[in-house]
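Heads up, the thing below is written out as structure tokens.
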Amino acid sequence: MFEMLSYEFMQRALIASVIIGLVCSIIGVFVILKNLTFIGAGTSHAAFAGVTLGYLIKFSPLSIAVLFSLITVWIVGYLSKKGYLKLDASVGIFYSLTMALAVLFIGLMKIYNAEVYGYLFGSILSVTKLDLAIIVLLGVVVLFLVYLFFKEFHFITFDEEMARAGGIPTGWLSFLLLTMIALTIVISLKSVGAILVFAMIVTPAAAAYQLTYSMIRMFIYSALIGTGSSVSGVFLSYWLDLPSGATTVLFVSFVFFLSVLLSPKHRTILTAIN
Amino acid sequence: MKNNVIITFSQATINYQQRAALEDISLDVYQGEFIGIIGPNGSGKTTLLKSILGLVRPSKGSVQIFDCACHKLRCHHKAKIGYIPQKGQIDPNFPVTVSETVMMGRYSSLGLFHRPSKPDKGLVETALTEVGMTGYEDATLGHLSGGQQQRVLIARALVQQPEVLLMDEPTTGIDPPTQHSIIRLISNLHKNLNLTILLVTHDINMISPFVDRIALLKVRLFAIGTPSEVLNEKILSEIYGKQVVVTTKENGLYVIVGDYHYV
Ligand SMILES: Nc1ncnc2c1ncn2[C@@H]1O[C@H](COP(=O)(O)OP(=O)(O)OP(=O)(O)O)[C@@H](O)[C@H]1O
Ligand SMILES: [Mg+2]
């Protein structure tokens, strides 16, 4: 146990897993309550497309991933705000569009690049010093923003129109929330993977949703479940020599089903998503 | 013009896409007035309230409150307008308690970056007492009955310490005794706090004893005046496209629309 902690890559993996677990599960509460579930999926594909372009043109994959995912959430947010298209529909378009781009960029690379596939399925044990610095920096920024605008986000997720009527600047705050979702996905990309990151955002919050009717408690439970699962995932994957992203997601899904069973309300995920 | 006009519509037209929801509305609302707004479904009643809140803006004419165009209102003005929206479905499982909901009414006065403090909590308590909901502070909003939720939403508007209260069908879907107690509550608030109230309803008979004026809306403002001026058979049947009978009862007029029966 202590021996594994002496490895630097292991220390990095643990710090990264704590921050990612925390940020994803906190943002997840807003995603669940505001029915933004599908946006998470769409954005992670966009971010992955950014990564592949980065490898293709040999320019910081993470920066391009940030760019791609921000452009996606902003366009999608704008289209739905203007009433041109339902959120789900425009996310659906970007979901496939960006995946097509990713496939295209990978095809253009000609050679097989294992690192790119790492971003698809995640490998937290390969997080570098620079990766960790970015994760910590962006993670702290997102958490600080949640803290700063907590009461406004609570109001907006409860009833956006009433919040607007009450003078809350819902316009830019909604875009800020979308931006925070995009950043959360980007920092989780390398360790959890584009396909699985979605689970880290939705599942802990959905599990917490089963357990309480209080928003504050929902945050606390979600954070505990998310962080706990993410750290457990790292340990399990090290001990059992399993892929870290998959292990974490299986673990958190297990916690989710457990909380459905234990839920005093017997609510289902369906009502959570609707 | 009287100087205590608080809301002014001048030839305001409001469109959704191409269609007009409100057309050429001109109306002065005086401070301390209680106005009931009636009209068939889709006649623009909700839109009228939303235009005062600046949620929709006129394509022609103007809507002003506190001498300021409604779509340009700043927070400190919005704080003075309490709004009780037409009943949407409150998600029964949404994690928000009664006291959290009422506290949301303080947010516009607090502004960004400020958290509720002791005095705000005091206001929440007072408002809950006022609407008769003490003891429900920690209840989940979605678990209350429709009438109780409506009281909580009124309390939410009250903690804003508003000058104007806009209510969109606050008694729809609520049993008759509770409807009456809510209307009496509103009427008392009107008298005690000297609030200006615009209340949308389909229940003409319930509000007519309490209001100063009634506005009859059907895209255009068909009529505005005291209940006895407005509630006549000719105007009402024109608006509702059905036969209407207006009779007198103990304390005022009584309107029967459509397939009425003599008792
Ligand atoms: N967001 C919107 N987009 C497009 N049209 C709208 C929108 N909101 C309302 N309308 C239309 O504007 C008209 C007026 O709607 P409004 O909600 O103001 O009516 P209302 O008098 O409140 O009706 P009800 O009694 O059913 O509540 C209706 O024809 C409606 O279809
Ligand atoms: Mg309406």
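In the structure tokens, chains take letters A, B, ... by order of appearance, with residues numbered from 1 within each chain and ligands from 1 in the order shown.
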Can you build me a table of chain B residues sitting at most 8 Å from chain A, with the closest atom pair per residue and its distance in Å to one decimal, using only C-alpha atoms, sorted by chain and residue number, as a tab-separated table?
residue	atom	partner	partner_atom	distance
B:Leu53	CA	A:Ala165	CA	5.8
B:Gly54	CA	A:Ala165	CA	7.4
B:Leu55	CA	A:Ala165	CA	6.7
B:Arg74	CA	A:Gly167	CA	7.0
B:Cys75	CA	A:Gly167	CA	4.9
B:Lys78	CA	A:Gly167	CA	5.5
B:Ala79	CA	A:Gly166	CA	6.4
B:Ile81	CA	A:Gly166	CA	7.8
B:Gly82	CA	A:Gly166	CA	7.8
B:Tyr83	CA	A:Ala165	CA	7.4
B:Pro85	CA	A:Met162	CA	7.5
B:Asn93	CA	A:Tyr213	CA	6.9
B:Phe94	CA	A:Tyr213	CA	7.0
B:Pro95	CA	A:Tyr213	CA	4.4
B:Val96	CA	A:Ser214	CA	5.8
B:Thr97	CA	A:Ser214	CA	6.7
B:Met104	CA	A:Phe155	CA	6.6
B:Gly105	CA	A:Gly166	CA	7.3
B:Tyr107	CA	A:Ile168	CA	7.7
B:Ser108	CA	A:Gly167	CA	5.5
B:Leu112	CA	A:Phe149	CA	7.2
B:Phe113	CA	A:Leu148	CA	6.1
B:Arg115	CA	A:Lys151	CA	7.8
B:Thr140	CA	A:Tyr213	CA	6.5
Interface rows for stretch 57-133 of chain A against stretch 180-193 of chain A: nearest pair, Å to one decimal, 12 Å, only C-alpha atoms, as CSV:
residue,atom,partner,partner_atom,distance
A:Pro61,CA,A:Val186,CA,10.4
A:Leu62,CA,A:Val186,CA,7.3
A:Ser63,CA,A:Val186,CA,9.1
A:Ile64,CA,A:Val186,CA,9.9
A:Ala65,CA,A:Val186,CA,6.6
A:Val66,CA,A:Val186,CA,6.2
A:Leu67,CA,A:Ala182,CA,9.5
A:Phe68,CA,A:Ala182,CA,9.2
A:Ser69,CA,A:Ala182,CA,5.6
A:Leu70,CA,A:Ala182,CA,6.0
A:Ile71,CA,A:Ala182,CA,9.4
A:Thr72,CA,A:Ala182,CA,8.7
A:Val73,CA,A:Ala182,CA,7.0
A:Trp74,CA,A:Ala182,CA,9.6
A:Val76,CA,A:Ala182,CA,11.9
A:Gly77,CA,A:Ala182,CA,11.8
A:Glu115,CA,A:Lys190,CA,9.4
A:Val116,CA,A:Lys190,CA,9.4
A:Tyr117,CA,A:Gly193,CA,8.7
A:Gly118,CA,A:Lys190,CA,6.9
A:Tyr119,CA,A:Gly193,CA,4.9
A:Leu120,CA,A:Gly193,CA,4.6
A:Phe121,CA,A:Gly193,CA,4.2
A:Gly122,CA,A:Gly193,CA,3.7
A:Ser123,CA,A:Ser191,CA,4.7
A:Ile124,CA,A:Ser191,CA,3.9
A:Leu125,CA,A:Ser191,CA,7.6
A:Ser126,CA,A:Ser191,CA,7.8
A:Val127,CA,A:Ser191,CA,6.9
A:Thr128,CA,A:Lys190,CA,10.0
A:Leu130,CA,A:Ile187,CA,11.7
A:Asp131,CA,A:Ile187,CA,8.3
A:Leu132,CA,A:Ile187,CA,9.0
A:Ala133,CA,A:Ile187,CA,10.2
>> Residues contacting ligand 1 - anything with an atom at most 6 Å away, using only C-alpha atoms and all ligand atoms - can you give me those as a PyMOL selection string?
In response: chain B and resi 16+21+40-47
> Which parts of stretch 33-182 of chain A does DSSP call alpha helix (DSSP H) when run on the backbone here, written out as a ChimeraX atom specification?
Replying inline: /A:33,37-57,61-81,87-109,114-121,129-148,150-158,160-165,170-182
> Of the candidates B:Ser228, B:Thr172, B:Ser62, B:Gln179, which one gets nearest to ligand 2 if we count only C-alpha atoms and all ligand atoms?
Replying inline: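 Among B:Ser228, B:Thr172, B:Ser62, B:Gln179, it is B:Thr172 that comes nearest to ligand 2.
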> So how many Å separate atom CA of B:Gly39 and atom CA of B:Glu238, to one decimal?
Replying inline: 11.0 Å
